[in-house]
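Have a look at run.cif below; it lists mmCIF, C-alpha atoms and all ligand atoms.
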```cif
data_entry
loop_
_atom_site.label_atom_id
_atom_site.label_comp_id
_atom_site.auth_asym_id
_atom_site.auth_seq_id
_atom_site.Cartn_x
_atom_site.Cartn_y
_atom_site.Cartn_z
CA MET A 1 124.82 92.78 121.78
CA ARG A 2 124.11 90.46 124.69
CA VAL A 3 120.81 88.95 125.80
CA GLY A 4 121.28 86.72 128.86
CA ASN A 5 123.51 83.84 127.82
CA LEU A 6 123.28 84.80 124.10
CA SER A 7 125.31 87.31 122.09
CA ALA A 8 125.93 88.62 118.57
CA GLN A 9 128.70 90.78 117.14
CA PRO A 10 127.94 93.75 114.85
CA GLY A 11 126.83 92.46 111.45
CA GLU A 12 125.94 89.03 112.85
CA HIS A 13 122.74 86.94 113.14
CA THR A 14 122.83 84.31 115.85
CA PHE A 15 120.23 81.90 117.20
CA GLY A 16 120.09 80.24 120.59
CA TYR A 17 117.97 79.50 123.64
CA LEU A 18 117.74 82.03 126.43
CA THR A 19 118.10 80.05 129.63
CA GLY A 20 114.73 80.01 131.36
CA PRO A 21 113.52 78.46 134.59
CA ARG A 22 113.06 74.77 135.33
CA SER A 23 109.86 73.14 136.47
CA ARG A 24 109.94 71.22 139.75
CA SER A 25 110.71 68.01 137.86
CA GLY A 26 113.35 69.72 135.75
CA ILE A 27 111.50 70.42 132.49
CA THR A 28 113.19 73.36 130.79
CA VAL A 29 111.31 76.35 129.51
CA ASP A 30 114.16 78.04 127.62
CA VAL A 31 113.16 80.65 125.04
CA PRO A 32 114.25 80.49 121.37
CA VAL A 33 115.82 83.82 120.40
CA HIS A 34 117.27 85.24 117.17
CA LEU A 35 119.68 88.14 117.62
CA PHE A 36 120.47 90.50 114.77
CA ALA A 37 123.22 92.96 115.66
CA GLY A 38 123.26 95.72 113.05
CA SER A 39 126.49 96.98 111.54
CA GLU A 40 125.57 100.51 112.57
CA PRO A 41 124.26 101.74 115.92
CA GLY A 42 120.54 102.35 116.42
CA PRO A 43 117.57 101.33 118.53
CA THR A 44 116.48 97.79 119.44
CA LEU A 45 113.26 96.25 118.12
CA LEU A 46 111.78 93.18 119.83
CA ILE A 47 109.38 91.08 117.76
CA GLU A 48 107.71 88.27 119.67
CA ALA A 49 104.84 85.86 119.09
CA ALA A 50 102.99 83.00 120.73
CA VAL A 51 103.13 84.20 124.30
CA HIS A 52 99.68 82.66 123.88
CA GLY A 53 100.51 79.24 122.52
CA THR A 54 97.74 78.99 119.92
CA GLU A 55 98.27 82.41 118.30
CA LEU A 56 100.71 81.65 115.53
CA TYR A 57 100.31 84.11 112.66
CA GLY A 58 103.05 86.30 114.11
CA THR A 59 105.28 83.25 114.46
CA THR A 60 105.13 82.60 110.72
CA ALA A 61 105.71 86.28 109.91
CA ILE A 62 108.70 86.48 112.26
CA LEU A 63 110.23 83.37 110.70
CA ASP A 64 109.81 84.96 107.25
CA VAL A 65 111.57 88.13 108.40
CA VAL A 66 114.33 86.13 110.08
CA GLN A 67 115.15 84.49 106.73
CA LYS A 68 115.47 87.83 104.94
CA LEU A 69 116.82 90.35 107.45
CA ASP A 70 120.43 91.31 106.70
CA PRO A 71 122.28 92.60 109.79
CA HIS A 72 124.81 94.32 107.50
CA SER A 73 122.13 96.75 106.31
CA LEU A 74 120.58 97.24 109.75
CA ARG A 75 120.94 100.22 112.08
CA GLY A 76 120.48 98.94 115.62
CA ASN A 77 119.42 95.50 116.81
CA VAL A 78 116.50 93.11 116.34
CA ILE A 79 115.53 90.48 118.89
CA ALA A 80 113.14 87.95 117.34
CA VAL A 81 111.23 85.43 119.47
CA PRO A 82 108.98 83.29 117.24
CA VAL A 83 107.49 81.22 120.10
CA LEU A 84 107.67 82.65 123.61
CA ASN A 85 105.39 80.08 125.26
CA ARG A 86 106.83 76.77 124.04
CA VAL A 87 104.78 74.68 126.46
CA GLY A 88 101.56 76.32 125.27
CA PHE A 89 102.66 75.83 121.66
CA ASP A 90 103.34 72.13 122.25
CA LEU A 91 100.04 71.54 124.03
CA GLN A 92 98.05 73.94 121.83
CA GLU A 93 97.06 75.99 124.86
CA ARG A 94 97.02 79.72 125.57
CA GLY A 95 98.78 79.71 128.94
CA LEU A 96 101.54 77.75 130.64
CA LYS A 97 100.28 74.37 131.79
CA MET A 98 102.49 74.01 134.84
CA ASP A 99 100.83 76.83 136.77
CA GLY A 100 97.86 77.62 134.54
CA LYS A 101 98.91 81.26 134.21
CA ASP A 102 98.99 83.68 131.31
CA ILE A 103 102.69 84.61 130.95
CA LEU A 104 101.83 87.98 129.42
CA LYS A 105 100.07 89.04 132.62
CA GLN A 106 103.02 88.22 134.91
CA PHE A 107 105.45 91.00 133.87
CA PRO A 108 107.79 92.12 135.42
CA GLY A 109 107.72 88.66 136.96
CA ARG A 110 109.02 87.27 140.24
CA PRO A 111 112.39 85.47 140.59
CA ASN A 112 111.03 83.03 143.18
CA GLY A 113 107.45 82.77 141.93
CA THR A 114 105.63 80.12 139.93
CA LEU A 115 107.08 78.94 136.63
CA SER A 116 105.27 81.61 134.59
CA GLU A 117 106.37 84.30 137.04
CA GLN A 118 110.00 83.13 136.88
CA LEU A 119 109.92 82.97 133.09
CA ALA A 120 108.39 86.44 132.93
CA HIS A 121 111.08 87.75 135.30
CA ILE A 122 113.95 86.43 133.17
CA TYR A 123 112.36 87.41 129.87
CA PHE A 124 111.32 90.86 131.05
CA HIS A 125 114.74 91.83 132.40
CA GLU A 126 116.89 90.18 129.71
CA VAL A 127 114.77 90.88 126.63
CA VAL A 128 111.91 93.36 127.06
CA ALA A 129 113.78 95.93 129.14
CA GLN A 130 116.65 95.98 126.63
CA SER A 131 114.31 96.97 123.81
CA ASN A 132 113.09 100.35 122.65
CA VAL A 133 110.07 98.94 120.85
CA MET A 134 108.19 95.68 121.42
CA ILE A 135 105.77 94.21 118.89
CA ASP A 136 103.83 91.49 120.68
CA PHE A 137 101.88 89.49 118.08
CA HIS A 138 98.54 88.00 119.01
CA ALA A 139 95.68 86.43 117.07
CA GLY A 140 92.28 84.95 117.70
CA GLY A 141 93.64 81.51 118.50
CA ARG A 142 91.40 78.69 117.38
CA THR A 143 88.05 80.25 118.11
CA ALA A 144 88.18 83.93 117.16
CA TYR A 145 89.19 86.19 114.29
CA GLU A 146 90.92 89.54 114.82
CA ARG A 147 92.35 92.25 112.60
CA TYR A 148 93.62 95.50 114.10
CA VAL A 149 96.58 96.89 116.02
CA CYS A 150 95.84 97.47 119.68
CA PHE A 151 97.62 99.57 122.26
CA THR A 152 96.98 100.97 125.71
CA ALA A 153 95.12 104.25 126.10
CA ASP A 154 97.15 107.31 127.06
CA ARG A 155 97.19 108.24 130.75
CA ASP A 156 96.27 111.83 129.93
CA PRO A 157 94.91 112.03 126.37
CA ALA A 158 95.32 115.81 126.32
CA ASN A 159 98.99 115.52 127.20
CA PRO A 160 100.55 112.24 125.95
CA ASN A 161 104.07 111.42 127.12
CA PRO A 162 106.93 110.68 124.64
CA ILE A 163 106.41 106.89 124.82
CA GLU A 164 102.69 107.30 124.09
CA VAL A 165 103.39 109.57 121.11
CA LYS A 166 105.76 106.97 119.63
CA ARG A 167 103.21 104.22 120.36
CA HIS A 168 100.56 106.05 118.38
CA LYS A 169 102.88 106.57 115.42
CA LEU A 170 104.23 103.02 115.26
CA SER A 171 100.79 101.43 115.73
CA VAL A 172 99.73 103.30 112.60
CA ALA A 173 103.01 102.82 110.70
CA PHE A 174 102.60 99.05 111.09
CA GLY A 175 100.22 99.41 108.19
CA LEU A 176 96.78 97.95 108.94
CA ASP A 177 93.73 100.07 108.19
CA ALA A 178 92.49 99.91 111.81
CA ALA A 179 94.09 100.48 115.19
CA GLY A 180 92.43 100.82 118.55
CA TYR A 181 93.38 101.89 122.03
CA PHE A 182 91.94 100.08 125.03
CA PRO A 183 91.44 101.03 128.65
CA ARG A 184 94.46 100.11 130.76
CA GLY A 185 94.72 96.50 131.83
CA ILE A 186 92.18 95.02 129.43
CA PHE A 187 94.45 92.60 127.59
CA ALA A 188 98.01 92.62 128.85
CA GLY A 189 97.01 93.34 132.44
CA GLY A 190 97.66 96.63 134.21
CA GLU A 191 100.84 95.56 135.99
CA THR A 192 102.36 94.29 132.76
CA GLU A 193 101.50 97.47 130.89
CA ASP A 194 102.90 99.61 133.72
CA ALA A 195 106.11 97.56 133.90
CA ILE A 196 106.75 97.79 130.15
CA GLU A 197 106.09 101.52 130.15
CA ALA A 198 108.25 102.09 133.25
CA ALA A 199 111.10 100.34 131.41
CA GLY A 200 110.77 102.98 128.67
CA VAL A 201 109.57 100.48 126.05
CA VAL A 202 107.09 101.38 123.30
CA HIS A 203 104.68 98.43 123.18
CA PHE A 204 101.90 97.56 120.76
CA THR A 205 100.02 94.43 119.75
CA PRO A 206 98.89 93.44 116.27
CA GLU A 207 95.87 91.14 116.59
CA LEU A 208 95.88 89.31 113.30
CA GLY A 209 94.01 86.29 112.07
CA GLY A 210 92.72 83.31 113.95
CA GLY A 211 89.78 80.98 113.88
CA THR A 212 89.65 78.06 111.56
CA GLY A 213 90.67 80.02 108.48
CA TRP A 214 94.46 79.67 108.39
CA TYR A 215 94.37 78.93 104.68
CA ALA A 216 91.19 80.86 103.91
CA ASN A 217 92.14 84.15 105.57
CA GLY A 218 95.53 83.40 107.05
CA MET A 219 97.85 84.12 104.17
CA GLU A 220 96.77 87.75 103.91
CA ASN A 221 97.23 88.18 107.64
CA ILE A 222 100.67 86.56 107.63
CA ARG A 223 101.68 88.81 104.73
CA ASP A 224 100.42 91.89 106.58
CA ALA A 225 102.15 90.81 109.78
CA GLU A 226 105.46 90.48 107.95
CA ARG A 227 104.93 93.77 106.12
CA GLY A 228 104.16 95.39 109.48
CA ILE A 229 107.54 94.32 110.85
CA TRP A 230 109.33 95.84 107.83
CA ASN A 231 107.22 99.00 108.14
CA THR A 232 108.13 99.30 111.83
CA LEU A 233 111.84 98.92 111.00
CA LYS A 234 111.44 101.69 108.42
CA ALA A 235 109.55 104.00 110.79
CA MET A 236 112.26 103.42 113.43
CA GLN A 237 114.81 104.34 110.71
CA MET A 238 116.59 100.99 111.16
CA ILE A 239 116.30 100.18 107.45
CA ASP A 240 115.63 102.39 104.43
CA GLY A 241 112.43 102.52 102.40
CA ALA A 242 108.91 103.89 102.28
CA LEU A 243 106.02 102.34 104.21
CA GLU A 244 103.96 99.82 102.25
CA THR A 245 100.23 99.64 102.87
CA ASP A 246 97.11 98.66 100.93
CA GLY A 247 95.18 101.84 101.63
CA ASP A 248 95.97 105.45 102.34
CA HIS A 249 94.34 105.71 105.77
CA CYS A 250 94.35 104.14 109.21
CA THR A 251 91.35 104.65 111.46
CA ILE A 252 92.19 104.90 115.15
CA TYR A 253 89.33 103.77 117.37
CA ASN A 254 88.73 104.42 121.00
CA ALA A 255 87.87 100.78 121.73
CA CYS A 256 85.47 101.69 124.48
CA VAL A 257 83.27 98.58 124.33
CA VAL A 258 84.60 95.13 125.17
CA LEU A 259 81.82 92.56 125.36
CA TRP A 260 82.75 89.52 127.42
CA LYS A 261 81.08 86.17 127.06
CA PRO A 262 77.69 85.83 128.75
CA ALA A 263 77.16 83.41 131.59
CA HIS A 264 75.80 80.70 129.29
CA ASP A 265 78.04 78.39 127.29
CA GLY A 266 76.93 77.31 123.88
CA LEU A 267 77.09 78.43 120.28
CA PHE A 268 77.83 82.12 120.03
CA VAL A 269 76.11 83.70 117.02
CA ARG A 270 77.21 87.22 116.17
CA LYS A 271 74.40 89.32 114.69
CA LYS A 272 76.49 92.29 113.57
CA GLU A 273 79.08 92.69 110.83
CA PHE A 274 82.59 94.07 111.10
CA GLY A 275 82.44 97.82 110.48
CA GLU A 276 78.74 98.00 111.32
CA PHE A 277 77.43 100.76 113.60
CA VAL A 278 75.52 99.35 116.57
CA GLU A 279 73.39 101.37 118.94
CA LYS A 280 73.53 101.03 122.70
CA ASP A 281 71.28 98.20 123.97
CA GLU A 282 70.99 96.58 120.54
CA ILE A 283 71.58 92.82 120.48
CA TYR A 284 75.18 92.14 119.39
CA GLY A 285 74.83 88.36 119.45
CA THR A 286 73.10 85.40 121.00
CA ILE A 287 74.10 82.21 122.77
CA GLN A 288 72.30 79.21 121.34
CA ASP A 289 71.88 75.77 122.80
CA PRO A 290 74.14 73.74 120.48
CA TYR A 291 71.64 70.84 120.32
CA THR A 292 68.17 72.35 120.31
CA GLY A 293 68.92 75.76 118.78
CA GLN A 294 67.12 77.46 121.66
CA GLU A 295 68.34 80.97 122.37
CA LEU A 296 69.79 80.91 125.87
CA ALA A 297 70.99 84.47 126.20
CA HIS A 298 71.30 87.77 124.38
CA LEU A 299 74.43 89.84 124.48
CA TYR A 300 73.57 93.55 124.42
CA ASN A 301 75.83 96.31 123.18
CA THR A 302 76.71 98.88 125.86
CA ALA A 303 77.38 102.08 123.87
CA ASP A 304 76.85 103.50 120.38
CA ALA A 305 79.91 102.22 118.50
CA ILE A 306 81.31 100.46 115.42
CA VAL A 307 82.27 96.76 115.38
CA ILE A 308 86.07 96.48 115.14
CA PRO A 309 87.09 93.28 113.33
CA SER A 310 87.08 90.94 116.29
CA GLY A 311 84.71 88.06 116.65
CA GLN A 312 84.47 84.95 118.73
CA ASN A 313 83.07 81.95 116.91
CA TRP A 314 82.10 79.02 118.99
CA PRO A 315 82.13 77.80 121.69
CA THR A 316 82.49 80.71 124.08
CA VAL A 317 85.58 80.10 126.10
CA GLY A 318 86.84 81.38 129.42
CA SER A 319 87.31 85.10 129.78
CA THR A 320 87.68 85.70 126.05
CA SER A 321 85.98 88.76 124.68
CA VAL A 322 83.31 88.04 122.08
CA GLY A 323 83.05 91.54 120.69
CA ILE A 324 85.05 94.76 120.52
CA LEU A 325 83.46 98.01 119.39
CA GLY A 326 84.84 101.49 119.19
CA VAL A 327 84.18 105.09 118.26
CA VAL A 328 86.42 106.79 115.74
CA ASP A 329 89.06 108.90 117.48
CA ARG A 330 90.67 110.07 114.23
CA VAL A 331 91.65 108.98 110.74
CA VAL A 332 95.35 109.20 109.88
CA ASN A 333 96.42 109.83 106.29
CA LEU A 334 99.33 107.42 105.82
CA ARG A 335 100.77 109.31 102.86
CA GLU A 336 100.79 112.77 104.43
CA THR A 337 101.73 112.02 108.04
CA ASP A 338 105.31 111.71 109.27
CA LEU A 339 105.31 108.40 111.14
CA THR A 340 109.06 108.15 111.77
CA VAL A 341 110.26 107.97 115.36
CA THR A 342 113.73 108.73 116.72
CA PHE A 343 115.40 107.15 119.74
ZN ZN B 401 96.80 86.57 122.71
#
```

Hey, can you dump this file as structure tokens for me?
Ligand SMILES: [Zn+2]
Amino acid sequence: MRVGNLSAQPGEHTFGYLTGPRSRSGITVDVPVHLFAGSEPGPTLLIEAAVHGTELYGTTAILDVVQKLDPHSLRGNVIAVPVLNRVGFDLQERGLKMDGKDILKQFPGRPNGTLSEQLAHIYFHEVVAQSNVMIDFHAGGRTAYERYVCFTADRDPANPNPIEVKRHKLSVAFGLDAAGYFPRGIFAGGETEDAIEAAGVVHFTPELGGGTGWYANGMENIRDAERGIWNTLKAMQMIDGALETDGDHCTIYNACVVLWKPAHDGLFVRKKEFGEFVEKDEIYGTIQDPYTGQELAHLYNTADAIVIPSGQNWPTVGSTSVGILGVVDRVVNLRETDLTVTF
């Protein structure tokens, strides 16, 4: 297999840096890439993390898998990118400092654009477009906690296309007890989602962990992230074995409510619990003055829905969502449903 300037022979694991663009002063933004070329033919799975530089649970899980994955018992190929946004990782920032952009939202990129656009162009064409399935790990960063698998809503829910059918199955096979689909363009950006889909790639995003609880809640999330990678390999029939999950069911939500931060900055205090049903126009949370405790603003819920585990702590930052709620689309029995996909 070949990815840009990198290659691996069947049965081989190699590591190298995909040549990326250079900043105007010559700083390199090469991308660290593990290639696992299976001994037998099969599909290609891309696992990537830290396109947002502070979201590192997936990084740890990918590094765990990289230590254990044996290319001799693999059908197909795995491309593993533990840290896509190295500048953001270094600076503990979400985006790419040089142009202030979110790399994820630049796909399919532009060869003569800004640094993020150039990086997206190289990465999209050399890595993403070569893959059949792309797991793009995210987390709450430093200020939020998340726990669900998210994917883009079908174009025509009554008549999903083959990529959408596979996306549903793999989002569930990953093995969390909650998954949710979002209106197009909410998180990855519409152009990015369209480009990935046009390339024939099945794309989903585990949102796992975050906030200040790396050691309090992080270990479980890292374990589940790693288990999700193995489960995906099994569902893609790239390795043998049964799916491993804690429970028997995965609830798929139509994540129809995304509450963005109110105009006021301050302490955000969530008033509702994960899993709680909230009526339309109920108060979901408040913004408090961090010094006087005065309530500056209420954040009202916009539709009858259940709180999906996703919560901003403090302070409220940028365009980050502070609440995600959904209505149950369906509950999938993990033991009785065939979640395998064929490429
Ligand atoms: Zn993210």

Rows by chain and residue number, chain A within 6 Å of ligand ZN 401 (chain B), shortest pair, all atoms listed in the file, as CSV:
```
residue,atom,partner,partner_atom,distance
A:His52,CA,B:ZN401,ZN,5.0
A:His138,CA,B:ZN401,ZN,4.3
A:Ala139,CA,B:ZN401,ZN,5.8
```

How close does region 183-208 of chain A get to region 105-112 of chain A? List, as a tab-separated table, each residue of region 183-208 of chain A within 12 Å, its nearest atom pair and the distance in Å to one decimal, counting all atoms listed in the file.
```
residue	atom	partner	partner_atom	distance
A:Gly185	CA	A:Lys105	CA	9.2
A:Ile186	CA	A:Lys105	CA	10.4
A:Phe187	CA	A:Lys105	CA	8.3
A:Ala188	CA	A:Lys105	CA	5.6
A:Gly189	CA	A:Lys105	CA	5.3
A:Gly190	CA	A:Lys105	CA	8.1
A:Glu191	CA	A:Phe107	CA	6.8
A:Thr192	CA	A:Phe107	CA	4.6
A:Glu193	CA	A:Phe107	CA	8.1
A:Asp194	CA	A:Phe107	CA	9.0
A:Ala195	CA	A:Pro108	CA	5.9
A:Ile196	CA	A:Pro108	CA	7.8
A:Glu197	CA	A:Pro108	CA	10.9
A:Ala198	CA	A:Pro108	CA	10.2
A:Ala199	CA	A:Pro108	CA	9.7
```

Can you pull out every residue within 12 Å of Lys97 (chain A), counting all atoms listed in the file, but drop anything in the same chain fewer than 2 positions away, and send it as a PDB file with C-alpha atoms, in the frame of the given file?
```
ATOM      1  CA  SER A  23     109.860  73.140 136.470  1.00  0.00           C
ATOM      2  CA  ILE A  27     111.500  70.420 132.490  1.00  0.00           C
ATOM      3  CA  VAL A  29     111.310  76.350 129.510  1.00  0.00           C
ATOM      4  CA  HIS A  52      99.680  82.660 123.880  1.00  0.00           C
ATOM      5  CA  GLY A  53     100.510  79.240 122.520  1.00  0.00           C
ATOM      6  CA  ASN A  85     105.390  80.080 125.260  1.00  0.00           C
ATOM      7  CA  ARG A  86     106.830  76.770 124.040  1.00  0.00           C
ATOM      8  CA  VAL A  87     104.780  74.680 126.460  1.00  0.00           C
ATOM      9  CA  GLY A  88     101.560  76.320 125.270  1.00  0.00           C
ATOM     10  CA  PHE A  89     102.660  75.830 121.660  1.00  0.00           C
ATOM     11  CA  ASP A  90     103.340  72.130 122.250  1.00  0.00           C
ATOM     12  CA  LEU A  91     100.040  71.540 124.030  1.00  0.00           C
ATOM     13  CA  GLN A  92      98.050  73.940 121.830  1.00  0.00           C
ATOM     14  CA  GLU A  93      97.060  75.990 124.860  1.00  0.00           C
ATOM     15  CA  ARG A  94      97.020  79.720 125.570  1.00  0.00           C
ATOM     16  CA  GLY A  95      98.780  79.710 128.940  1.00  0.00           C
ATOM     17  CA  ASP A  99     100.830  76.830 136.770  1.00  0.00           C
ATOM     18  CA  GLY A 100      97.860  77.620 134.540  1.00  0.00           C
ATOM     19  CA  LYS A 101      98.910  81.260 134.210  1.00  0.00           C
ATOM     20  CA  ASP A 102      98.990  83.680 131.310  1.00  0.00           C
ATOM     21  CA  ILE A 103     102.690  84.610 130.950  1.00  0.00           C
ATOM     22  CA  THR A 114     105.630  80.120 139.930  1.00  0.00           C
ATOM     23  CA  LEU A 115     107.080  78.940 136.630  1.00  0.00           C
ATOM     24  CA  SER A 116     105.270  81.610 134.590  1.00  0.00           C
TER      25      SER A 116
END
```

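Around region 279-292 of chain A, within 7 Å and counting all atoms listed in the file, the residues found are His264, Gly266, Leu267, Phe268, Val269, Arg270, Lys271, Lys272, Phe277, Gln294, Glu295, Leu296, Ala297, His298, Leu299, Tyr300, Asn301, Thr302, Ala303, Asp304 and Ala305 of chain A, once anything fewer than 2 positions away on its own chain is removed.
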
- Pick out the residues sitting within 7 Å of Pro32 (chain A), and hand them over as a PyMOL selection string; count all atoms listed in the file, and ignore anything fewer than 6 positions along from it in its own chain. chain A and resi 16-18+81+83

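Counting from CA of Gly180 (chain A), the distance to CA of Glu126 (chain A) is 28.9 Å.
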
- Task: Fewer than 6 positions away in the same chain doesn't count, so skip those; otherwise give me all residues within 10 Å of Tyr148 (chain A), counting all atoms listed in the file, as a PyMOL selection string.
- Result: chain A and resi 139+171+175-180+205-209+250-253+308-310

Centre, edges in Å (one decimal): axis-aligned box, region 261-276 of chain A, 4 Å padding on all six sides, as lines of an AutoDock Vina configuration file:
```
center_x = 78.5
center_y = 87.7
center_z = 121.0
size_x = 16.2
size_y = 28.7
size_z = 29.1
```

- Task: Might you pull out every residue within 8 Å of region 159-169 of chain A, with all atoms listed in the file counted and same-chain residues fewer than 5 positions away left off, and present them as a list in words?
- Result: Phe151, Asp154, Glu197, Gly200, Val201, Val202, His203, Phe204, Leu339, Thr340 and Val341 of chain A

- Message: Report, in Å to a single decimal, how far apart CA of Ile62 (chain A) and CA of Gly141 (chain A) are.
- Response: 17.0 Å

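Put simply, CA of Val322 (chain A) is 25.4 Å away from CA of Gly228 (chain A).
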
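Using only C-alpha atoms, the nearest neighbour of Gly326 (chain A) within the list A:Asn254, A:Gln9, A:Ser73, A:Thr342 is A:Asn254.
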
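Nearest to Asn221 (chain A) of all the residues A:Gln118, A:Gln130, A:Thr337, A:Thr59 is A:Thr59, based on only C-alpha atoms.
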
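Closest approach to Tyr123 (chain A) from the set A:Gly4, A:Pro10, A:Pro157, A:Gly210 is made by A:Gly4, with distances taken over only C-alpha atoms.
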
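Minimum distance to Ala144 (chain A) across A:Glu226, A:Gly213, A:Leu170, A:Leu334 (counting all atoms listed in the file) occurs at A:Gly213.
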